[in-house]
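Here's work25.pdb, which has PDB, N, CA and C atoms:
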```
MODEL        1
ATOM      1  N   MET A 283       0.813  -1.193   0.000
ATOM      2  CA  MET A 283       0.000   0.000   0.000
ATOM      3  C   MET A 283       0.861   1.264   0.000
ATOM      4  N   GLU A 284       1.911   1.277   0.843
ATOM      5  CA  GLU A 284       2.802   2.422   0.912
ATOM      6  C   GLU A 284       3.555   2.612  -0.405
ATOM      7  N   GLU A 285       3.949   1.510  -0.999
ATOM      8  CA  GLU A 285       4.674   1.591  -2.267
ATOM      9  C   GLU A 285       3.808   2.199  -3.356
ATOM     10  N   GLN A 286       2.516   1.868  -3.359
ATOM     11  CA  GLN A 286       1.598   2.422  -4.346
ATOM     12  C   GLN A 286       1.470   3.932  -4.163
ATOM     13  N   GLU A 287       1.359   4.386  -2.924
ATOM     14  CA  GLU A 287       1.236   5.816  -2.646
ATOM     15  C   GLU A 287       2.492   6.556  -3.082
ATOM     16  N   LYS A 288       3.658   5.978  -2.838
ATOM     17  CA  LYS A 288       4.908   6.618  -3.233
ATOM     18  C   LYS A 288       5.006   6.739  -4.753
ATOM     19  N   THR A 289       4.623   5.706  -5.472
ATOM     20  CA  THR A 289       4.696   5.773  -6.936
ATOM     21  C   THR A 289       3.679   6.765  -7.487
ATOM     22  N   LEU A 290       2.513   6.868  -6.863
ATOM     23  CA  LEU A 290       1.523   7.859  -7.307
ATOM     24  C   LEU A 290       2.036   9.270  -7.089
ATOM     25  N   GLU A 291       2.684   9.501  -5.957
ATOM     26  CA  GLU A 291       3.248  10.824  -5.676
ATOM     27  C   GLU A 291       4.345  11.170  -6.664
ATOM     28  N   GLU A 292       5.154  10.197  -7.047
ATOM     29  CA  GLU A 292       6.234  10.442  -7.997
ATOM     30  C   GLU A 292       5.696  10.713  -9.394
ATOM     31  N   GLN A 293       4.549  10.116  -9.758
ATOM     32  CA  GLN A 293       4.003  10.267 -11.097
ATOM     33  C   GLN A 293       3.290  11.600 -11.294
ATOM     34  N   GLN A 294       2.757  12.171 -10.258
ATOM     35  CA  GLN A 294       1.996  13.409 -10.396
ATOM     36  C   GLN A 294       2.932  14.568 -10.680
ATOM     37  N   ASP A 295       2.573  15.343 -11.709
ATOM     38  CA  ASP A 295       3.388  16.480 -12.114
ATOM     39  C   ASP A 295       3.158  17.658 -11.170
ATOM     40  N   GLY A 296       1.914  18.023 -10.947
ATOM     41  CA  GLY A 296       1.595  19.084  -9.999
ATOM     42  C   GLY A 296       1.913  20.479 -10.483
ATOM     43  N   THR A 297       1.781  20.750 -11.775
ATOM     44  CA  THR A 297       2.013  22.094 -12.277
ATOM     45  C   THR A 297       0.836  22.977 -11.876
ATOM     46  N   PRO A 298       1.084  24.064 -11.118
ATOM     47  CA  PRO A 298      -0.024  24.914 -10.695
ATOM     48  C   PRO A 298      -0.571  25.737 -11.862
ATOM     49  N   LEU A 299      -1.881  26.010 -11.809
ATOM     50  CA  LEU A 299      -2.551  26.813 -12.828
ATOM     51  C   LEU A 299      -3.111  28.071 -12.189
ATOM     52  N   CYS A 300      -3.068  29.163 -12.928
ATOM     53  CA  CYS A 300      -3.676  30.414 -12.488
ATOM     54  C   CYS A 300      -5.192  30.206 -12.443
ATOM     55  N   ILE A 301      -5.830  30.607 -11.364
ATOM     56  CA  ILE A 301      -7.267  30.398 -11.249
ATOM     57  C   ILE A 301      -8.070  31.391 -12.086
ATOM     58  N   HIS A 302      -7.408  32.393 -12.634
ATOM     59  CA  HIS A 302      -8.109  33.403 -13.432
ATOM     60  C   HIS A 302      -8.062  33.105 -14.929
ATOM     61  N   CYS A 303      -6.905  32.662 -15.419
ATOM     62  CA  CYS A 303      -6.771  32.415 -16.865
ATOM     63  C   CYS A 303      -6.429  30.960 -17.196
ATOM     64  N   LEU A 304      -6.197  30.137 -16.171
ATOM     65  CA  LEU A 304      -5.887  28.710 -16.307
ATOM     66  C   LEU A 304      -4.613  28.424 -17.095
ATOM     67  N   LYS A 305      -3.658  29.316 -17.038
ATOM     68  CA  LYS A 305      -2.342  29.102 -17.635
ATOM     69  C   LYS A 305      -1.379  28.628 -16.550
ATOM     70  N   PRO A 306      -0.449  27.735 -16.863
ATOM     71  CA  PRO A 306       0.511  27.273 -15.856
ATOM     72  C   PRO A 306       1.481  28.383 -15.445
ATOM     73  N   TYR A 307       1.903  28.335 -14.203
ATOM     74  CA  TYR A 307       2.892  29.280 -13.697
ATOM     75  C   TYR A 307       3.868  28.540 -12.790
ATOM     76  N   SER A 308       5.004  29.140 -12.571
ATOM     77  CA  SER A 308       6.021  28.545 -11.709
ATOM     78  C   SER A 308       5.611  28.727 -10.247
ATOM     79  N   PRO A 309       5.844  27.740  -9.395
ATOM     80  CA  PRO A 309       5.479  27.889  -7.978
ATOM     81  C   PRO A 309       6.206  29.035  -7.280
ATOM     82  N   ASN A 310       7.298  29.505  -7.850
ATOM     83  CA  ASN A 310       8.053  30.597  -7.246
ATOM     84  C   ASN A 310       7.528  31.974  -7.628
ATOM     85  N   GLU A 311       6.587  32.048  -8.563
ATOM     86  CA  GLU A 311       6.063  33.328  -9.020
ATOM     87  C   GLU A 311       4.973  33.828  -8.095
ATOM     88  N   ASN A 312       4.880  35.146  -7.977
ATOM     89  CA  ASN A 312       3.829  35.756  -7.172
ATOM     90  C   ASN A 312       2.653  36.210  -8.020
ATOM     91  N   PHE A 313       2.915  36.486  -9.299
ATOM     92  CA  PHE A 313       1.871  36.961 -10.202
ATOM     93  C   PHE A 313       1.918  36.170 -11.503
ATOM     94  N   CYS A 314       0.755  35.964 -12.100
ATOM     95  CA  CYS A 314       0.659  35.247 -13.368
ATOM     96  C   CYS A 314       1.248  36.112 -14.482
ATOM     97  N   LYS A 315       2.103  35.532 -15.303
ATOM     98  CA  LYS A 315       2.708  36.286 -16.410
ATOM     99  C   LYS A 315       1.698  36.566 -17.513
ATOM    100  N   ASN A 316       0.641  35.776 -17.588
ATOM    101  CA  ASN A 316      -0.347  35.947 -18.637
ATOM    102  C   ASN A 316      -1.364  37.044 -18.313
ATOM    103  N   CYS A 317      -1.984  36.970 -17.120
ATOM    104  CA  CYS A 317      -3.063  37.916 -16.801
ATOM    105  C   CYS A 317      -2.691  38.916 -15.708
ATOM    106  N   GLY A 318      -1.600  38.702 -14.994
ATOM    107  CA  GLY A 318      -1.163  39.645 -13.975
ATOM    108  C   GLY A 318      -1.823  39.480 -12.616
ATOM    109  N   GLU A 319      -2.666  38.483 -12.445
ATOM    110  CA  GLU A 319      -3.343  38.263 -11.166
ATOM    111  C   GLU A 319      -2.381  37.634 -10.157
ATOM    112  N   ALA A 320      -2.653  37.852  -8.883
ATOM    113  CA  ALA A 320      -1.838  37.274  -7.817
ATOM    114  C   ALA A 320      -2.069  35.771  -7.759
ATOM    115  N   VAL A 321      -1.000  34.987  -7.808
ATOM    116  CA  VAL A 321      -1.108  33.530  -7.768
ATOM    117  C   VAL A 321      -0.310  32.917  -6.630
ATOM    118  N   GLY A 322       0.584  33.652  -6.031
ATOM    119  CA  GLY A 322       1.408  33.111  -4.955
ATOM    120  C   GLY A 322       0.607  32.887  -3.690
ATOM    121  N   THR A 323       1.023  31.917  -2.905
ATOM    122  CA  THR A 323       0.319  31.587  -1.676
ATOM    123  C   THR A 323       0.350  32.739  -0.679
ATOM    124  N   TYR A 324       1.493  33.391  -0.551
ATOM    125  CA  TYR A 324       1.649  34.455   0.439
ATOM    126  C   TYR A 324       1.761  35.838  -0.191
ATOM    127  N   THR A 325       1.387  35.987  -1.434
ATOM    128  CA  THR A 325       1.536  37.264  -2.126
ATOM    129  C   THR A 325       0.773  38.379  -1.432
ATOM    130  N   ALA A 326      -0.422  38.097  -0.962
ATOM    131  CA  ALA A 326      -1.239  39.125  -0.317
ATOM    132  C   ALA A 326      -0.661  39.590   1.018
ATOM    133  N   PHE A 327       0.295  38.838   1.573
ATOM    134  CA  PHE A 327       0.855  39.185   2.872
ATOM    135  C   PHE A 327       2.225  39.855   2.775
ATOM    136  N   MET A 328       2.808  39.912   1.585
ATOM    137  CA  MET A 328       4.105  40.555   1.403
ATOM    138  C   MET A 328       3.891  42.061   1.241
ATOM    139  N   PRO A 329       4.684  42.880   1.893
ATOM    140  CA  PRO A 329       4.421  44.326   1.885
ATOM    141  C   PRO A 329       4.383  44.948   0.485
ATOM    142  N   PHE A 330       5.398  44.728  -0.318
ATOM    143  CA  PHE A 330       5.439  45.385  -1.626
ATOM    144  C   PHE A 330       4.412  44.770  -2.580
ATOM    145  N   GLU A 331       4.303  43.452  -2.594
ATOM    146  CA  GLU A 331       3.352  42.786  -3.473
ATOM    147  C   GLU A 331       1.915  43.059  -3.069
ATOM    148  N   ARG A 332       1.704  43.350  -1.798
ATOM    149  CA  ARG A 332       0.364  43.651  -1.316
ATOM    150  C   ARG A 332      -0.232  44.862  -2.040
ATOM    151  N   ILE A 333       0.610  45.800  -2.424
ATOM    152  CA  ILE A 333       0.139  46.976  -3.164
ATOM    153  C   ILE A 333      -0.505  46.536  -4.469
ATOM    154  N   PHE A 334       0.112  45.590  -5.163
ATOM    155  CA  PHE A 334      -0.439  45.129  -6.430
ATOM    156  C   PHE A 334      -1.731  44.336  -6.226
ATOM    157  N   VAL A 335      -1.798  43.565  -5.149
ATOM    158  CA  VAL A 335      -3.026  42.830  -4.840
ATOM    159  C   VAL A 335      -4.146  43.821  -4.536
ATOM    160  N   PHE A 336      -3.818  44.850  -3.789
ATOM    161  CA  PHE A 336      -4.802  45.873  -3.427
ATOM    162  C   PHE A 336      -5.288  46.617  -4.666
ATOM    163  N   THR A 337      -4.374  47.037  -5.528
ATOM    164  CA  THR A 337      -4.780  47.747  -6.746
ATOM    165  C   THR A 337      -5.546  46.827  -7.692
ATOM    166  N   ASN A 338      -5.222  45.552  -7.671
ATOM    167  CA  ASN A 338      -5.944  44.597  -8.500
ATOM    168  C   ASN A 338      -7.387  44.442  -8.017
ATOM    169  N   SER A 339      -7.591  44.478  -6.704
ATOM    170  CA  SER A 339      -8.966  44.404  -6.184
ATOM    171  C   SER A 339      -9.757  45.640  -6.587
ATOM    172  N   ILE A 340      -9.102  46.789  -6.632
ATOM    173  CA  ILE A 340      -9.758  48.018  -7.095
ATOM    174  C   ILE A 340     -10.142  47.869  -8.567
ATOM    175  N   LYS A 341      -9.228  47.333  -9.369
ATOM    176  CA  LYS A 341      -9.501  47.136 -10.803
ATOM    177  C   LYS A 341     -10.679  46.195 -11.014
ATOM    178  N   ASN A 342     -10.700  45.091 -10.278
ATOM    179  CA  ASN A 342     -11.799  44.135 -10.406
ATOM    180  C   ASN A 342     -13.123  44.743  -9.979
ATOM    181  N   CYS A 343     -13.100  45.527  -8.923
ATOM    182  CA  CYS A 343     -14.305  46.198  -8.446
ATOM    183  C   CYS A 343     -14.806  47.188  -9.499
ATOM    184  N   TRP A 344     -13.915  47.969 -10.063
ATOM    185  CA  TRP A 344     -14.266  48.945 -11.101
ATOM    186  C   TRP A 344     -14.852  48.236 -12.325
ATOM    187  N   HIS A 345     -14.242  47.141 -12.702
ATOM    188  CA  HIS A 345     -14.708  46.390 -13.870
ATOM    189  C   HIS A 345     -16.127  45.851 -13.634
ATOM    190  N   LYS A 346     -16.355  45.269 -12.469
ATOM    191  CA  LYS A 346     -17.691  44.747 -12.166
ATOM    192  C   LYS A 346     -18.727  45.863 -12.109
ATOM    193  N   LEU A 347     -18.333  46.980 -11.583
ATOM    194  CA  LEU A 347     -19.260  48.092 -11.406
ATOM    195  C   LEU A 347     -19.723  48.675 -12.732
ATOM    196  N   PHE A 348     -18.810  48.825 -13.687
ATOM    197  CA  PHE A 348     -19.151  49.540 -14.912
ATOM    198  C   PHE A 348     -19.273  48.672 -16.166
ATOM    199  N   TYR A 349     -18.674  47.493 -16.184
ATOM    200  CA  TYR A 349     -18.647  46.724 -17.425
ATOM    201  C   TYR A 349     -19.418  45.410 -17.378
ATOM    202  N   GLU A 350     -19.621  44.834 -16.216
ATOM    203  CA  GLU A 350     -20.353  43.570 -16.135
ATOM    204  C   GLU A 350     -21.839  43.826 -15.961
ATOM    205  N   LYS A 351     -22.627  43.015 -16.625
ATOM    206  CA  LYS A 351     -24.075  43.133 -16.498
ATOM    207  C   LYS A 351     -24.569  42.120 -15.479
ATOM    208  N   GLY A 352     -25.695  42.416 -14.861
ATOM    209  CA  GLY A 352     -26.294  41.490 -13.914
ATOM    210  C   GLY A 352     -25.792  41.627 -12.494
ATOM    211  N   VAL A 353     -25.044  42.685 -12.182
ATOM    212  CA  VAL A 353     -24.573  42.911 -10.823
ATOM    213  C   VAL A 353     -25.699  43.581 -10.041
ATOM    214  N   SER A 354     -26.019  43.061  -8.872
ATOM    215  CA  SER A 354     -27.142  43.584  -8.092
ATOM    216  C   SER A 354     -26.877  45.007  -7.607
ATOM    217  N   PHE A 355     -27.975  45.711  -7.323
ATOM    218  CA  PHE A 355     -27.885  47.095  -6.874
ATOM    219  C   PHE A 355     -27.128  47.186  -5.544
ATOM    220  N   GLY A 356     -27.410  46.276  -4.619
ATOM    221  CA  GLY A 356     -26.739  46.287  -3.323
ATOM    222  C   GLY A 356     -25.228  46.102  -3.444
ATOM    223  N   LEU A 357     -24.819  45.211  -4.338
ATOM    224  CA  LEU A 357     -23.391  44.991  -4.556
ATOM    225  C   LEU A 357     -22.748  46.223  -5.188
ATOM    226  N   LYS A 358     -23.467  46.880  -6.088
ATOM    227  CA  LYS A 358     -22.936  48.112  -6.692
ATOM    228  C   LYS A 358     -22.744  49.200  -5.640
ATOM    229  N   VAL A 359     -23.684  49.324  -4.710
ATOM    230  CA  VAL A 359     -23.557  50.312  -3.636
ATOM    231  C   VAL A 359     -22.337  50.001  -2.771
ATOM    232  N   LEU A 360     -22.148  48.721  -2.428
ATOM    233  CA  LEU A 360     -20.969  48.334  -1.639
ATOM    234  C   LEU A 360     -19.667  48.618  -2.381
ATOM    235  N   MET A 361     -19.660  48.377  -3.687
ATOM    236  CA  MET A 361     -18.446  48.637  -4.471
ATOM    237  C   MET A 361     -18.145  50.135  -4.540
ATOM    238  N   ILE A 362     -19.179  50.952  -4.661
ATOM    239  CA  ILE A 362     -18.963  52.407  -4.696
ATOM    240  C   ILE A 362     -18.398  52.879  -3.362
ATOM    241  N   ILE A 363     -18.936  52.374  -2.266
ATOM    242  CA  ILE A 363     -18.416  52.738  -0.943
ATOM    243  C   ILE A 363     -16.966  52.284  -0.805
ATOM    244  N   TYR A 364     -16.658  51.069  -1.248
ATOM    245  CA  TYR A 364     -15.284  50.550  -1.197
ATOM    246  C   TYR A 364     -14.339  51.427  -2.016
ATOM    247  N   LEU A 365     -14.766  51.804  -3.208
ATOM    248  CA  LEU A 365     -13.925  52.653  -4.052
ATOM    249  C   LEU A 365     -13.707  54.023  -3.426
ATOM    250  N   MET A 366     -14.746  54.591  -2.810
ATOM    251  CA  MET A 366     -14.610  55.910  -2.178
ATOM    252  C   MET A 366     -13.670  55.856  -0.977
ATOM    253  N   LEU A 367     -13.711  54.759  -0.234
ATOM    254  CA  LEU A 367     -12.841  54.642   0.937
ATOM    255  C   LEU A 367     -11.391  54.345   0.575
ATOM    256  N   THR A 368     -11.176  53.635  -0.493
ATOM    257  CA  THR A 368      -9.808  53.236  -0.836
ATOM    258  C   THR A 368      -9.117  54.176  -1.820
ATOM    259  N   ALA A 369      -9.852  55.011  -2.507
ATOM    260  CA  ALA A 369      -9.249  55.894  -3.519
ATOM    261  C   ALA A 369      -8.129  56.774  -2.959
ATOM    262  N   PRO A 370      -8.306  57.418  -1.801
ATOM    263  CA  PRO A 370      -7.190  58.242  -1.296
ATOM    264  C   PRO A 370      -5.912  57.446  -1.034
ATOM    265  N   PHE A 371      -6.057  56.220  -0.524
ATOM    266  CA  PHE A 371      -4.872  55.396  -0.263
ATOM    267  C   PHE A 371      -4.169  54.996  -1.555
ATOM    268  N   ILE A 372      -4.944  54.696  -2.575
ATOM    269  CA  ILE A 372      -4.352  54.320  -3.857
ATOM    270  C   ILE A 372      -3.600  55.498  -4.454
ATOM    271  N   ILE A 373      -4.200  56.654  -4.442
ATOM    272  CA  ILE A 373      -3.574  57.820  -5.058
ATOM    273  C   ILE A 373      -2.325  58.236  -4.295
ATOM    274  N   ILE A 374      -2.412  58.299  -2.995
ATOM    275  CA  ILE A 374      -1.288  58.799  -2.191
ATOM    276  C   ILE A 374      -0.183  57.760  -2.028
ATOM    277  N   LEU A 375      -0.548  56.526  -1.737
ATOM    278  CA  LEU A 375       0.458  55.515  -1.411
ATOM    279  C   LEU A 375       0.772  54.558  -2.548
ATOM    280  N   GLY A 376      -0.237  54.046  -3.215
ATOM    281  CA  GLY A 376      -0.029  52.972  -4.178
ATOM    282  C   GLY A 376       0.449  53.406  -5.535
ATOM    283  N   LEU A 377      -0.061  54.499  -6.044
ATOM    284  CA  LEU A 377       0.259  54.915  -7.403
ATOM    285  C   LEU A 377       1.756  55.132  -7.642
ATOM    286  N   PRO A 378       2.476  55.816  -6.752
ATOM    287  CA  PRO A 378       3.919  55.962  -6.985
ATOM    288  C   PRO A 378       4.666  54.624  -7.068
ATOM    289  N   PHE A 379       4.285  53.662  -6.236
ATOM    290  CA  PHE A 379       4.944  52.356  -6.271
ATOM    291  C   PHE A 379       4.648  51.613  -7.566
ATOM    292  N   VAL A 380       3.419  51.670  -8.017
ATOM    293  CA  VAL A 380       3.046  50.986  -9.255
ATOM    294  C   VAL A 380       3.771  51.612 -10.441
ATOM    295  N   LEU A 381       3.816  52.934 -10.483
ATOM    296  CA  LEU A 381       4.529  53.612 -11.579
ATOM    297  C   LEU A 381       6.011  53.276 -11.558
ATOM    298  N   PHE A 382       6.617  53.265 -10.372
ATOM    299  CA  PHE A 382       8.026  52.915 -10.251
ATOM    300  C   PHE A 382       8.277  51.502 -10.752
ATOM    301  N   TYR A 383       7.419  50.573 -10.374
ATOM    302  CA  TYR A 383       7.567  49.181 -10.794
ATOM    303  C   TYR A 383       7.446  49.053 -12.308
ATOM    304  N   LYS A 384       6.454  49.722 -12.893
ATOM    305  CA  LYS A 384       6.267  49.631 -14.344
ATOM    306  C   LYS A 384       7.439  50.243 -15.097
ATOM    307  N   LEU A 385       7.954  51.368 -14.631
ATOM    308  CA  LEU A 385       9.114  51.984 -15.276
ATOM    309  C   LEU A 385      10.345  51.096 -15.150
ATOM    310  N   ARG A 386      10.531  50.513 -13.974
ATOM    311  CA  ARG A 386      11.663  49.617 -13.762
ATOM    312  C   ARG A 386      11.545  48.372 -14.634
ATOM    313  N   LYS A 387      10.336  47.842 -14.760
ATOM    314  CA  LYS A 387      10.120  46.652 -15.576
ATOM    315  C   LYS A 387      10.411  46.948 -17.046
ATOM    316  N   LYS A 388       9.967  48.105 -17.540
ATOM    317  CA  LYS A 388      10.251  48.484 -18.929
ATOM    318  C   LYS A 388      11.753  48.619 -19.155
ATOM    319  N   LYS A 389      12.452  49.170 -18.170
ATOM    320  CA  LYS A 389      13.895  49.351 -18.282
ATOM    321  C   LYS A 389      14.600  48.016 -18.428
ATOM    322  N   PHE A 390      14.193  47.022 -17.621
ATOM    323  CA  PHE A 390      14.816  45.705 -17.697
ATOM    324  C   PHE A 390      14.349  44.902 -18.890
ATOM    325  N   ASP A 391      13.132  45.137 -19.370
ATOM    326  CA  ASP A 391      12.635  44.436 -20.555
ATOM    327  C   ASP A 391      13.354  44.886 -21.820
ATOM    328  N   ASN A 392      13.775  46.143 -21.844
ATOM    329  CA  ASN A 392      14.468  46.682 -23.030
ATOM    330  C   ASN A 392      15.915  46.206 -23.122
ATOM    331  N   LYS A 393      16.475  45.707 -22.045
ATOM    332  CA  LYS A 393      17.878  45.258 -22.079
ATOM    333  C   LYS A 393      18.021  43.942 -22.744
TER     334      LYS A 393
ENDMDL
END
```

Now, as a test, write the supplied structure out as structure tokens.
Amino acid sequence: MEEQEKTLEEQQDGTPLCIHCLKPYSPNENFCKNCGEAVGTYTAFMPFERIFVFTNSIKNCWHKLFYEKGVSFGLKVLMIIYLMLTAPFIIILGLPFVLFYKLRKKKFDNK
């Protein structure tokens, strides 16, 4: 019985998939290279990466609010309140970090 379990464990590949776009990613990555969503186990708890998770939640909320159909009125009210409460933090704290990251990424991509 133990031998069977060991061989089953050895045979399984275990490539993780992004839950948003279903593309494979490396277990060491924090974000999906295809869609940019957070995929790491502890990504939401890391200080710098948390900014991207937070801004991504704002993006998803904005998308549901204005582009998706069938969203209930109560959920829209909650999303508007969430956006109003988080907007100052995004503008003051998050935006400079995101811009810095994007500029740095472009710099390294061009090399």

* **Selection near Gly322 of chain A, 5 Å with only N, CA and C atoms, sequence-local residues under 5 positions removed, as an NGL selection string** => :A and (311-313)

Please enclose the listed atoms of segment 373-391 of chain A in an axis-aligned box, pad each side by 6 Å, and write out the centre and the three edge lengths in Å, rounded to one decimal, as lines of an AutoDock Vina configuration file.
```
center_x = 5.3
center_y = 51.6
center_z = -11.6
size_x = 31.0
size_y = 26.4
size_z = 32.4
```

* **Separation of atom CA of Ile301 of chain A from atom CA of Lys315 of chain A, in Å and rounded to one decimal** =>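 If I compute the distance from atom CA of Ile301 of chain A to atom CA of Lys315 of chain A, I get 12.7 Å.
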
* To do: Using DSSP on the backbone coordinates, identify all residues within chain A classified as strand (DSSP E or B); present the result as a list in words.
  =>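 Here are the strand (DSSP E or B) residues of chain A: Leu299, Pro306, Phe313 and Ala320 of chain A.
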
* Calculate how many Å separate atom CA of Val359 of chain A from atom CA of Ser339 of chain A, rounding to one decimal. =>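 Going from atom CA of Val359 of chain A over to atom CA of Ser339 of chain A, I get 15.9 Å.
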
* Asked: Between atom C of Ile340 of chain A and atom N of Ala369 of chain A, what is the spacing in Å?
  ->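 Rounded to one decimal, the two atoms are 9.4 Å apart.
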